[in-house]
$ cat query-v3.pdb   # PDB, C-alpha atoms
ATOM      1  CA  MET Q 839      98.638 199.620 -92.159
ATOM      2  CA  ARG Q 840      97.252 199.108 -88.647
ATOM      3  CA  GLU Q 841     100.704 199.763 -87.183
ATOM      4  CA  GLU Q 842     100.901 203.056 -89.087
ATOM      5  CA  LYS Q 843      97.460 204.093 -87.780
ATOM      6  CA  GLN Q 844      98.527 203.350 -84.201
ATOM      7  CA  LYS Q 845     101.693 205.370 -84.694
ATOM      8  CA  LEU Q 846      99.696 208.413 -85.787
ATOM      9  CA  LYS Q 847      96.885 208.050 -83.238
ATOM     10  CA  PRO Q 848      98.727 210.072 -80.531
ATOM     11  CA  ILE Q 849      98.575 213.035 -82.912
ATOM     12  CA  TRP Q 850      94.774 213.018 -82.974
ATOM     13  CA  LEU Q 851      94.588 212.419 -79.216
ATOM     14  CA  ASN Q 852      96.992 215.252 -78.337
ATOM     15  CA  CYS Q 853      95.233 217.718 -80.637
ATOM     16  CA  LEU Q 854      91.808 216.723 -79.289
ATOM     17  CA  LYS Q 855      93.006 217.207 -75.720
ATOM     18  CA  GLU Q 856      94.482 220.579 -76.672
ATOM     19  CA  LEU Q 857      91.121 221.766 -78.016
ATOM     20  CA  PHE Q 858      89.466 220.658 -74.765
ATOM     21  CA  GLU Q 859      92.023 222.655 -72.747
ATOM     22  CA  GLU Q 860      91.472 225.760 -74.853
ATOM     23  CA  ALA Q 861      87.719 225.494 -74.280
ATOM     24  CA  GLU Q 862      88.289 225.148 -70.522
ATOM     25  CA  ASN Q 863      90.588 228.184 -70.557
ATOM     26  CA  ASP Q 864      87.690 230.118 -72.096
ATOM     27  CA  GLY Q 865      85.419 228.962 -69.285
ATOM     28  CA  GLU Q 866      83.431 226.571 -71.483
ATOM     29  CA  THR Q 867      82.093 223.245 -70.220
ATOM     30  CA  GLU Q 868      81.422 221.717 -73.637
ATOM     31  CA  ILE Q 869      82.753 222.008 -77.166
ATOM     32  CA  GLU Q 870      81.680 220.869 -80.621
ATOM     33  CA  ILE Q 871      84.539 219.690 -82.829
ATOM     34  CA  SER Q 872      84.462 218.617 -86.451
ATOM     35  CA  ALA Q 873      86.882 216.115 -87.928
ATOM     36  CA  LYS Q 874      87.965 218.821 -90.370
ATOM     37  CA  LYS Q 875      88.866 221.147 -87.490
ATOM     38  CA  LEU Q 876      90.872 218.416 -85.778
ATOM     39  CA  LEU Q 877      92.688 217.596 -89.022
ATOM     40  CA  CYS Q 878      93.578 221.276 -89.528
ATOM     41  CA  ARG Q 879      94.972 221.462 -85.987
ATOM     42  CA  ALA Q 880      96.977 218.275 -86.497
ATOM     43  CA  LYS Q 881      98.506 219.596 -89.725
ATOM     44  CA  LYS Q 882      99.549 222.813 -87.971
ATOM     45  CA  ASN Q 883     101.001 221.075 -84.930
ATOM     46  CA  TYR Q 884     102.729 218.277 -86.830
ATOM     47  CA  PRO Q 885     103.823 219.760 -90.179
ATOM     48  CA  LYS Q 886     106.468 217.085 -90.790
ATOM     49  CA  TYR Q 887     103.854 214.329 -91.078
ATOM     50  CA  ASN Q 888     101.767 213.603 -94.150
ATOM     51  CA  LEU Q 889      98.295 213.430 -92.649
ATOM     52  CA  ASP Q 890      96.327 213.471 -95.887
ATOM     53  CA  GLY Q 891      94.103 210.450 -96.354
ATOM     54  CA  ARG Q 892      93.779 209.931 -92.577
ATOM     55  CA  TYR Q 893      90.357 211.493 -92.251
ATOM     56  CA  ARG Q 894      88.476 208.318 -91.360
ATOM     57  CA  ALA Q 895      91.072 207.431 -88.701
ATOM     58  CA  ILE Q 896      90.501 210.854 -87.138
ATOM     59  CA  CYS Q 897      86.736 210.301 -87.114
ATOM     60  CA  TRP Q 898      87.059 206.976 -85.346
ATOM     61  CA  THR Q 899      89.377 208.476 -82.728
ATOM     62  CA  MET Q 900      86.824 211.221 -82.074
ATOM     63  CA  HIS Q 901      84.061 208.618 -81.971
ATOM     64  CA  LYS Q 902      85.806 206.553 -79.295
ATOM     65  CA  ILE Q 903      86.470 209.572 -77.060
ATOM     66  CA  GLY Q 904      83.079 211.168 -77.534
ATOM     67  CA  LYS Q 905      80.851 208.146 -77.118
ATOM     68  CA  ASP Q 906      80.490 205.065 -74.971
ATOM     69  CA  GLU Q 907      83.179 202.470 -75.547
ATOM     70  CA  GLU Q 908      80.556 199.804 -76.281
ATOM     71  CA  GLU Q 909      78.630 201.913 -78.782
ATOM     72  CA  ARG Q 910      78.989 200.976 -82.418
ATOM     73  CA  GLY Q 911      77.733 202.597 -85.585
ATOM     74  CA  GLU Q 912      78.659 204.057 -88.905
ATOM     75  CA  VAL Q 913      80.873 207.140 -88.937
ATOM     76  CA  ASP Q 914      79.959 209.755 -91.540
ATOM     77  CA  THR Q 915      83.418 210.866 -92.630
ATOM     78  CA  SER Q 916      82.052 213.582 -94.911
ATOM     79  CA  LYS Q 917      80.846 215.849 -92.093
ATOM     80  CA  TYR Q 918      81.685 214.149 -88.823
ATOM     81  CA  THR Q 919      81.157 216.335 -85.752
ATOM     82  CA  VAL Q 920      81.077 215.439 -82.068
ATOM     83  CA  LYS Q 921      79.757 217.527 -79.175
ATOM     84  CA  TYR Q 922      81.902 216.842 -76.110
ATOM     85  CA  THR Q 923      80.751 217.472 -72.540
ATOM     86  CA  ASN Q 924      82.490 216.803 -69.199
ATOM     87  CA  LEU Q 925      85.827 217.804 -70.683
ATOM     88  CA  LYS Q 926      87.862 216.822 -67.630
ATOM     89  CA  ALA Q 927      86.632 213.227 -67.838
ATOM     90  CA  LYS Q 928      87.277 213.158 -71.588
ATOM     91  CA  LYS Q 929      90.861 214.330 -71.020
ATOM     92  CA  GLU Q 930      91.350 211.501 -68.542
ATOM     93  CA  ILE Q 931      90.179 209.035 -71.205
ATOM     94  CA  ILE Q 932      92.704 210.515 -73.627
ATOM     95  CA  ASP Q 933      95.492 210.248 -71.038
ATOM     96  CA  ARG Q 934      94.658 206.571 -70.477
ATOM     97  CA  GLN Q 935      94.711 205.883 -74.198
ATOM     98  CA  LEU Q 936      98.039 207.667 -74.580
ATOM     99  CA  ASN Q 937      99.472 205.677 -71.680
ATOM    100  CA  ASN Q 938      98.288 202.469 -73.318
ATOM    101  CA  LEU Q 939      99.934 203.478 -76.566
ATOM    102  CA  ILE Q 940     103.184 204.743 -75.069
ATOM    103  CA  GLY Q 941     103.426 204.247 -71.308
ATOM    104  CA  ASN Q 942     106.917 204.380 -69.800
ATOM    105  CA  ASP Q 943     108.279 201.668 -72.096
ATOM    106  CA  THR Q 944     111.220 203.064 -74.035
ATOM    107  CA  ASN Q 945     110.495 200.605 -76.838
ATOM    108  CA  LYS Q 946     106.950 201.938 -77.136
ATOM    109  CA  SER Q 947     108.104 205.554 -76.969
ATOM    110  CA  SER Q 948     109.166 205.298 -80.597
ATOM    111  CA  GLN Q 949     105.456 205.053 -81.453
ATOM    112  CA  MET Q 950     104.932 208.630 -80.305
ATOM    113  CA  PRO Q 951     105.549 211.112 -83.141
ATOM    114  CA  ASN Q 952     108.810 212.879 -82.337
ATOM    115  CA  ILE Q 953     108.168 216.258 -83.897
ATOM    116  CA  ILE Q 954     110.351 218.372 -81.669
ATOM    117  CA  ASN Q 955     113.717 217.821 -80.067
ATOM    118  CA  ILE Q 956     113.960 219.619 -76.735
ATOM    119  CA  ASN Q 957     117.037 219.290 -74.569
ATOM    120  CA  LYS Q 958     116.618 217.571 -71.225
ATOM    121  CA  PRO Q 959     115.965 220.080 -68.396
ATOM    122  CA  SER Q 960     119.135 220.894 -66.456
ATOM    123  CA  LEU Q 961     120.779 223.761 -64.599
ATOM    124  CA  SER Q 962     122.751 224.703 -67.692
ATOM    125  CA  GLU Q 963     119.591 224.721 -69.833
ATOM    126  CA  VAL Q 964     117.746 226.963 -67.380
ATOM    127  CA  LYS Q 965     120.711 229.334 -67.166
ATOM    128  CA  LYS Q 966     120.909 229.422 -70.950
ATOM    129  CA  TYR Q 967     117.315 230.589 -71.196
ATOM    130  CA  SER Q 968     117.768 233.025 -68.305
ATOM    131  CA  LYS Q 969     120.522 234.672 -70.319
ATOM    132  CA  ILE Q 970     118.253 234.823 -73.352
ATOM    133  CA  TRP Q 971     115.595 236.513 -71.195
ATOM    134  CA  GLU Q 972     118.078 239.085 -69.919
ATOM    135  CA  THR Q 973     119.894 239.890 -73.169
ATOM    136  CA  SER Q 974     117.595 239.246 -76.135
ATOM    137  CA  GLU Q 975     115.918 242.290 -77.679
ATOM    138  CA  LYS Q 976     112.998 239.996 -78.443
ATOM    139  CA  TYR Q 977     112.029 239.924 -74.760
ATOM    140  CA  VAL Q 978     112.741 243.523 -73.726
ATOM    141  CA  LYS Q 979     109.048 244.407 -73.529
ATOM    142  CA  TYR Q 980     108.377 241.430 -71.260
ATOM    143  CA  VAL Q 981     111.224 242.432 -68.935
ATOM    144  CA  LEU Q 982     109.847 245.975 -68.729
ATOM    145  CA  GLN Q 983     106.375 244.644 -68.015
ATOM    146  CA  GLU Q 984     107.677 242.400 -65.235
ATOM    147  CA  ASN Q 985     109.604 245.297 -63.667
ATOM    148  CA  ALA Q 986     106.518 247.520 -63.768
ATOM    149  CA  LEU Q 987     104.288 244.827 -62.233
ATOM    150  CA  ASN Q 988     106.828 244.105 -59.494
ATOM    151  CA  LYS Q 989     106.853 247.788 -58.561
ATOM    152  CA  LEU Q 990     103.046 247.921 -58.642
ATOM    153  CA  PHE Q 991     102.404 244.769 -56.586
ATOM    154  CA  LEU Q 992     105.355 244.799 -54.189
ATOM    155  CA  LYS Q 993     105.911 248.501 -53.523
ATOM    156  CA  THR Q 994     103.086 250.777 -54.669
ATOM    157  CA  TYR Q 995      99.991 248.705 -53.823
ATOM    158  CA  PRO Q 996     101.050 245.643 -51.797
ATOM    159  CA  ASP Q 997      97.703 245.327 -49.945
ATOM    160  CA  ASN Q 998      94.299 244.224 -51.231
ATOM    161  CA  THR Q 999      91.799 246.121 -49.107
ATOM    162  CA  ASN Q1000      91.147 249.147 -51.329
ATOM    163  CA  ILE Q1001      89.104 248.611 -54.496
ATOM    164  CA  ASP Q1002      91.015 251.321 -56.391
ATOM    165  CA  ASP Q1003      94.365 249.673 -55.668
ATOM    166  CA  VAL Q1004      93.126 246.210 -56.576
ATOM    167  CA  LEU Q1005      91.472 247.443 -59.770
ATOM    168  CA  ILE Q1006      94.722 249.027 -60.938
ATOM    169  CA  LYS Q1007      96.599 245.772 -60.340
ATOM    170  CA  VAL Q1008      93.929 243.629 -62.005
ATOM    171  CA  SER Q1009      93.737 245.912 -65.050
ATOM    172  CA  SER Q1010      97.519 246.112 -65.435
ATOM    173  CA  LEU Q1011      97.929 242.360 -65.152
ATOM    174  CA  ASN Q1012      95.158 241.783 -67.664
ATOM    175  CA  ASP Q1013      96.617 244.299 -70.109
ATOM    176  CA  PHE Q1014     100.204 243.008 -69.962
ATOM    177  CA  TYR Q1015      99.348 239.307 -70.050
ATOM    178  CA  SER Q1016      96.108 239.396 -72.099
ATOM    179  CA  THR Q1017      94.420 237.153 -69.541
ATOM    180  CA  LYS Q1018      90.948 237.887 -70.977
ATOM    181  CA  ILE Q1019      89.216 238.266 -67.636
ATOM    182  CA  PHE Q1020      86.213 239.966 -69.327
ATOM    183  CA  SER Q1021      85.541 242.501 -66.534
ATOM    184  CA  SER Q1022      88.316 243.982 -64.410
ATOM    185  CA  ILE Q1023      85.799 245.582 -62.040
ATOM    186  CA  ILE Q1024      83.996 242.305 -61.290
ATOM    187  CA  VAL Q1025      87.317 240.546 -60.707
ATOM    188  CA  ALA Q1026      88.588 243.343 -58.446
ATOM    189  CA  GLN Q1027      85.372 243.268 -56.392
ATOM    190  CA  HIS Q1028      85.660 239.489 -56.116
ATOM    191  CA  ILE Q1029      89.196 239.807 -54.728
ATOM    192  CA  ILE Q1030      88.112 242.451 -52.207
ATOM    193  CA  VAL Q1031      85.304 240.199 -50.927
ATOM    194  CA  LEU Q1032      87.744 237.307 -50.475
ATOM    195  CA  ASN Q1033      89.897 239.433 -48.130
ATOM    196  CA  ILE Q1034      93.063 237.756 -49.402
ATOM    197  CA  ASP Q1035      95.955 239.432 -47.542
ATOM    198  CA  ASN Q1036      96.063 237.072 -44.565
ATOM    199  CA  ARG Q1037      95.803 234.091 -46.868
ATOM    200  CA  LEU Q1038      98.650 235.413 -49.005
ATOM    201  CA  ASP Q1039     100.747 235.814 -45.870
ATOM    202  CA  GLY Q1040      99.851 232.242 -44.889
ATOM    203  CA  ASN Q1041     100.878 230.836 -48.306
ATOM    204  CA  ASP Q1042      97.394 229.396 -48.810
ATOM    205  CA  TYR Q1043      97.378 227.606 -52.174
ATOM    206  CA  GLN Q1044      93.590 227.206 -52.068
ATOM    207  CA  LEU Q1045      93.414 230.983 -52.463
ATOM    208  CA  VAL Q1046      94.360 230.617 -56.144
ATOM    209  CA  ASN Q1047      91.390 228.355 -56.840
ATOM    210  CA  ASP Q1048      89.087 230.709 -54.900
ATOM    211  CA  ILE Q1049      90.218 233.762 -56.869
ATOM    212  CA  ALA Q1050      89.864 231.824 -60.119
ATOM    213  CA  ASN Q1051      86.168 230.979 -59.536
ATOM    214  CA  ILE Q1052      84.309 234.174 -60.413
ATOM    215  CA  SER Q1053      80.565 234.723 -60.964
ATOM    216  CA  MET Q1054      79.991 237.053 -63.900
ATOM    217  CA  ASP Q1055      77.081 239.454 -64.522
ATOM    218  CA  ASN Q1056      75.365 236.972 -66.853
ATOM    219  CA  GLY Q1057      75.147 234.389 -64.072
ATOM    220  CA  LYS Q1058      77.884 232.177 -65.511
ATOM    221  CA  THR Q1059      80.931 231.171 -63.491
ATOM    222  CA  LYS Q1060      84.331 231.668 -65.082
ATOM    223  CA  TYR Q1061      87.418 229.800 -63.931
ATOM    224  CA  LEU Q1062      90.232 232.308 -64.499
ATOM    225  CA  PHE Q1063      92.994 230.016 -63.336
ATOM    226  CA  SER Q1064      95.963 231.491 -65.163
ATOM    227  CA  PHE Q1065      95.041 235.004 -64.040
ATOM    228  CA  ALA Q1066      94.664 233.877 -60.422
ATOM    229  CA  THR Q1067      98.117 232.262 -60.371
ATOM    230  CA  LYS Q1068      99.647 235.422 -61.787
ATOM    231  CA  TYR Q1069      97.853 237.675 -59.289
ATOM    232  CA  CYS Q1070      99.096 235.662 -56.309
ATOM    233  CA  SER Q1071     102.563 235.159 -57.763
ATOM    234  CA  HIS Q1072     103.140 238.867 -58.238
ATOM    235  CA  HIS Q1073     102.505 239.340 -54.527
ATOM    236  CA  LYS Q1074     104.723 236.423 -53.462
ATOM    237  CA  PRO Q1075     106.837 235.169 -56.399
ATOM    238  CA  ASP Q1076     108.862 232.799 -54.193
ATOM    239  CA  VAL Q1077     105.731 230.974 -53.008
ATOM    240  CA  PHE Q1078     103.122 230.980 -55.783
ATOM    241  CA  PRO Q1079     104.243 229.599 -59.168
ATOM    242  CA  ILE Q1080     102.559 230.829 -62.345
ATOM    243  CA  TYR Q1081     100.523 228.615 -64.643
ATOM    244  CA  ASP Q1082      99.885 229.451 -68.287
ATOM    245  CA  ASP Q1083      99.491 227.520 -71.525
ATOM    246  CA  TYR Q1084     103.220 227.505 -72.345
ATOM    247  CA  VAL Q1085     104.186 226.231 -68.893
ATOM    248  CA  GLY Q1086     101.490 223.563 -69.083
ATOM    249  CA  LYS Q1087     102.585 222.398 -72.534
ATOM    250  CA  MET Q1088     106.177 221.995 -71.399
ATOM    251  CA  LEU Q1089     105.330 220.112 -68.201
ATOM    252  CA  VAL Q1090     103.109 217.705 -70.129
ATOM    253  CA  HIS Q1091     105.807 217.231 -72.775
ATOM    254  CA  PHE Q1092     108.590 216.558 -70.266
ATOM    255  CA  ASN Q1093     106.385 214.145 -68.344
ATOM    256  CA  LYS Q1094     105.622 212.200 -71.515
ATOM    257  CA  VAL Q1095     109.321 211.942 -72.313
ATOM    258  CA  TYR Q1096     110.801 211.390 -68.834
ATOM    259  CA  GLY Q1097     107.845 210.242 -66.692
ATOM    260  CA  PHE Q1098     108.710 212.371 -63.640
ATOM    261  CA  TYR Q1099     105.074 212.456 -62.419
ATOM    262  CA  LYS Q1100     103.247 209.153 -61.997
ATOM    263  CA  GLU Q1101      99.797 210.418 -60.983
ATOM    264  CA  THR Q1102      97.056 211.890 -63.166
ATOM    265  CA  ILE Q1103      98.107 215.339 -64.341
ATOM    266  CA  ASP Q1104      95.564 218.025 -63.473
ATOM    267  CA  LEU Q1105      97.371 221.294 -64.056
ATOM    268  CA  ARG Q1106      94.291 223.414 -63.430
ATOM    269  CA  ASN Q1107      94.050 222.425 -59.787
ATOM    270  CA  TYR Q1108      96.619 224.559 -57.989
ATOM    271  CA  ASN Q1109      97.634 222.040 -55.342
ATOM    272  CA  ASN Q1110      98.159 219.465 -58.073
ATOM    273  CA  PHE Q1111     100.020 221.956 -60.255
ATOM    274  CA  THR Q1112     102.436 222.922 -57.479
ATOM    275  CA  ASP Q1113     103.029 219.239 -56.704
ATOM    276  CA  ILE Q1114     103.815 218.535 -60.373
ATOM    277  CA  LEU Q1115     106.187 221.501 -60.470
ATOM    278  CA  SER Q1116     107.911 220.295 -57.282
ATOM    279  CA  LYS Q1117     108.368 216.806 -58.751
ATOM    280  CA  PHE Q1118     109.705 218.387 -61.947
ATOM    281  CA  LYS Q1119     112.329 220.362 -60.017
ATOM    282  CA  SER Q1120     113.398 217.361 -57.939
ATOM    283  CA  HIS Q1121     113.565 214.941 -60.865
ATOM    284  CA  PHE Q1122     115.881 217.198 -62.851
ATOM    285  CA  ASN Q1123     117.923 218.430 -59.844
ATOM    286  CA  LEU Q1124     116.654 222.005 -60.147
ATOM    287  CA  ASP Q1125     115.738 222.568 -56.490
ATOM    288  CA  ILE Q1126     118.311 225.352 -56.056
ATOM    289  CA  LEU Q1127     116.457 227.468 -58.624
ATOM    290  CA  SER Q1128     113.686 229.917 -57.759
ATOM    291  CA  LEU Q1129     110.124 229.484 -58.976
ATOM    292  CA  LYS Q1130     110.591 232.544 -61.162
ATOM    293  CA  GLU Q1131     113.615 231.001 -62.884
ATOM    294  CA  ILE Q1132     111.681 227.794 -63.521
ATOM    295  CA  ASP Q1133     108.679 229.738 -64.806
ATOM    296  CA  ARG Q1134     110.765 231.733 -67.270
ATOM    297  CA  TYR Q1135     112.532 228.614 -68.502
ATOM    298  CA  LEU Q1136     109.271 226.752 -69.144
ATOM    299  CA  TRP Q1137     107.646 229.817 -70.670
ATOM    300  CA  LEU Q1138     110.554 230.554 -73.027
ATOM    301  CA  THR Q1139     110.875 226.949 -74.165
ATOM    302  CA  GLY Q1140     107.107 226.800 -74.608
ATOM    303  CA  LYS Q1141     107.176 229.844 -76.880
ATOM    304  CA  GLU Q1142     110.048 228.311 -78.840
ATOM    305  CA  PHE Q1143     108.771 224.766 -79.303
ATOM    306  CA  PHE Q1144     104.996 225.278 -79.179
ATOM    307  CA  PRO Q1145     104.645 228.520 -81.172
ATOM    308  CA  LYS Q1146     101.724 230.805 -80.548
ATOM    309  CA  LYS Q1147     100.438 230.493 -84.108
ATOM    310  CA  TYR Q1148      99.449 226.927 -83.280
ATOM    311  CA  TYR Q1149      97.049 228.037 -80.559
ATOM    312  CA  LYS Q1150      94.180 230.510 -80.623
ATOM    313  CA  LYS Q1151      94.703 231.578 -76.999
ATOM    314  CA  LYS Q1152      97.791 232.341 -74.953
ATOM    315  CA  ASN Q1153      97.854 233.719 -71.448
ATOM    316  CA  LYS Q1154     101.315 235.164 -71.101
TER     317      LYS Q1154
END

$ encode --input "query-v3.pdb" --output "structure tokens"
Amino acid sequence: MREEKQKLKPIWLNCLKELFEEAENDGETEIEISAKKLLCRAKKNYPKYNLDGRYRAICWTMHKIGKDEEERGEVDTSKYTVKYTNLKAKKEIIDRQLNNLIGNDTNKSSQMPNIININKPSLSEVKKYSKIWETSEKYVKYVLQENALNKLFLKTYPDNTNIDDVLIKVSSLNDFYSTKIFSSIIVAQHIIVLNIDNRLDGNDYQLVNDIANISMDNGKTKYLFSFATKYCSHHKPDVFPIYDDYVGKMLVHFNKVYGFYKETIDLRNYNNFTDILSKFKSHFNLDILSLKEIDRYLWLTGKEFFPKKYYKKKNK
């Protein structure tokens, strides 16, 4: 029985971490999660597993992440809810627990629920998905959107000194990618104040983090990371890779399976994200490919293997 609980524990941990990431994407610093909500997410993400009757195990997993390791007490499984703060630190706790359960030991890897079977990244795999992108009717609208944005950013309004030009680019990007930036005008004004053109020319990765940190009218600060990567990438696609939920899901998945990145994964820090992406390309001998080819491959596989219906928010 204990062995079966340990085998299923990565499910609760992965779903809990996913809810944290969604809250962070919405600019939240804390989140309240019920055991029922976590169970519903687990059933959606892992439909092949019978998770009924595991409610108490879920509660104890939430208890250990949400509270001090030394704290003990009864868990009310009828209406168990935990309010989580400091989400980044909580995700690090989850990563440590997952590493303890699985690590890089191939014998232990069988303990991780194998819900999906994704081919190992390779040149042939990337080319296969590039062909799908170019020929499938399913992705025609995305191709048209990309072509329109390339014309807008690279030809029509390549500079970022005029508020009208920047506002058009911000609004178009937000509309096509549903980045939920809340106020295009505030974001455009923020970009103007940053005076970003010289930093774009200098391939300054810190620029992404600076664009992402935006003070809103209500006094709150939003971290619009995915939007910021897209804004910079559409100016210099060969320098600035794009981050979104699909790309992040695939990088985390491939790292769990193949262990190409040995440090703590922090995808929402741009320097860390670009380093992870570089290690990914090197590990799988994909260095000859452009960042755009890698982005499309990760995005397409993410849409295929981590369907949108499983997540309340998608950024691409």

$ residues_around --input "query-v3.pdb" --residues "Lys921 of chain Q" --least-positions-apart "3" --cutoff "9 Å" --atoms "only C-alpha atoms" --output "short mmCIF file (atom, residue, chain, number, x, y, z; two decimals) with C-alpha atoms, in the coordinates of the input"
data_model
loop_
_atom_site.label_atom_id
_atom_site.label_comp_id
_atom_site.auth_asym_id
_atom_site.auth_seq_id
_atom_site.Cartn_x
_atom_site.Cartn_y
_atom_site.Cartn_z
CA GLU Q 868 81.42 221.72 -73.64
CA ILE Q 869 82.75 222.01 -77.17
CA GLU Q 870 81.68 220.87 -80.62
CA ILE Q 871 84.54 219.69 -82.83
CA SER Q 872 84.46 218.62 -86.45
CA GLY Q 904 83.08 211.17 -77.53
#

$ resolve_selection --input "query-v3.pdb" --expression "the PyMOL selection byres ((chain Q and resi 1115) around 12)" --output "PyMOL selection string"
chain Q and resi 1078-1081+1085-1086+1088-1090+1092-1093+1098-1099+1103-1105+1108-1114+1116-1122+1124-1125+1128-1130+1132-1133+1136

$ resolve_selection --input "query-v3.pdb" --expression "the PyMOL selection byres ((chain Q and resi 1058-1061) around 9)" --output "number ranges by chain"
Q: 862-866, 1019, 1047, 1049-1057, 1062-1064

$ write_last_selection --input "query-v3.pdb" --atoms "C-alpha atoms" --output "JSON list (two decimals), in the coordinates of the input"
[["chain", "number", "residue", "atom", "x", "y", "z"],
["Q", 862, "GLU", "CA", 88.29, 225.15, -70.52],
["Q", 863, "ASN", "CA", 90.59, 228.18, -70.56],
["Q", 864, "ASP", "CA", 87.69, 230.12, -72.10],
["Q", 865, "GLY", "CA", 85.42, 228.96, -69.28],
["Q", 866, "GLU", "CA", 83.43, 226.57, -71.48],
["Q", 1019, "ILE", "CA", 89.22, 238.27, -67.64],
["Q", 1047, "ASN", "CA", 91.39, 228.36, -56.84],
["Q", 1049, "ILE", "CA", 90.22, 233.76, -56.87],
["Q", 1050, "ALA", "CA", 89.86, 231.82, -60.12],
["Q", 1051, "ASN", "CA", 86.17, 230.98, -59.54],
["Q", 1052, "ILE", "CA", 84.31, 234.17, -60.41],
["Q", 1053, "SER", "CA", 80.56, 234.72, -60.96],
["Q", 1054, "MET", "CA", 79.99, 237.05, -63.90],
["Q", 1055, "ASP", "CA", 77.08, 239.45, -64.52],
["Q", 1056, "ASN", "CA", 75.36, 236.97, -66.85],
["Q", 1057, "GLY", "CA", 75.15, 234.39, -64.07],
["Q", 1062, "LEU", "CA", 90.23, 232.31, -64.50],
["Q", 1063, "PHE", "CA", 92.99, 230.02, -63.34],
["Q", 1064, "SER", "CA", 95.96, 231.49, -65.16]]

$ closest_residue --input "query-v3.pdb" --among "Q:Tyr893, Q:Tyr967, Q:Tyr922, Q:Tyr887" --to "Leu854 of chain Q" --atoms "only C-alpha atoms"
Q:Tyr922

$ resolve_selection --input "query-v3.pdb" --expression "the PyMOL selection byres ((chain Q and resi 982-991) around 8)" --output "list in words"
Val978, Lys979, Tyr980, Val981, Leu992, Lys993, Thr994, Tyr995, Pro996, Lys1007, Ser1010, Leu1011, Phe1014, His1072 and His1073 of chain Q

$ atom_distance --input "query-v3.pdb" --atom1 "atom CA of Glu930 of chain Q" --atom2 "atom CA of Asp1042 of chain Q"
27.3 Å

$ atom_distance --input "query-v3.pdb" --atom1 "atom CA of Ala1026 of chain Q" --atom2 "atom CA of Ile1001 of chain Q"
6.6 Å

$ closest_residue --input "query-v3.pdb" --among "Q:Glu1131, Q:Thr999, Q:Ile903, Q:Ser1016" --to "Val1031 of chain Q" --atoms "only C-alpha atoms"
Q:Thr999

$ atom_distance --input "query-v3.pdb" --atom1 "atom CA of Lys882 of chain Q" --atom2 "atom CA of Ile849 of chain Q"
11.1 Å

$ residues_around --input "query-v3.pdb" --residues "Lys966 of chain Q" --least-positions-apart "4" --cutoff "12 Å" --atoms "only C-alpha atoms" --output "CSV table (one decimal) with C-alpha atoms, in the coordinates of the input"
chain,number,residue,atom,x,y,z
Q,957,ASN,CA,117.0,219.3,-74.6
Q,959,PRO,CA,116.0,220.1,-68.4
Q,960,SER,CA,119.1,220.9,-66.5
Q,961,LEU,CA,120.8,223.8,-64.6
Q,962,SER,CA,122.8,224.7,-67.7
Q,970,ILE,CA,118.3,234.8,-73.4
Q,971,TRP,CA,115.6,236.5,-71.2
Q,972,GLU,CA,118.1,239.1,-69.9
Q,973,THR,CA,119.9,239.9,-73.2
Q,974,SER,CA,117.6,239.2,-76.1
Q,1131,GLU,CA,113.6,231.0,-62.9
Q,1132,ILE,CA,111.7,227.8,-63.5
Q,1134,ARG,CA,110.8,231.7,-67.3
Q,1135,TYR,CA,112.5,228.6,-68.5
Q,1138,LEU,CA,110.6,230.6,-73.0
Q,1139,THR,CA,110.9,226.9,-74.2

$ closest_residue --input "query-v3.pdb" --among "Q:Asn883, Q:Asn1036, Q:Thr1067, Q:Asn924" --to "Ala861 of chain Q" --atoms "all atoms listed in the file"
Q:Asn924

$ residues_around --input "query-v3.pdb" --residues "Ala873 of chain Q" --least-positions-apart "3" --cutoff "6 Å" --atoms "all atoms listed in the file" --output "PyMOL selection string"
chain Q and resi 876+897+918

$ closest_residue --input "query-v3.pdb" --among "Q:Leu846, Q:Leu857, Q:Ala1066, Q:Ile1023" --to "Leu925 of chain Q" --atoms "all atoms listed in the file"
Q:Leu857

$ closest_residue --input "query-v3.pdb" --among "Q:Arg1106, Q:Lys976, Q:Arg934, Q:Lys1068" --to "Tyr1015 of chain Q" --atoms "all atoms listed in the file"
Q:Lys1068
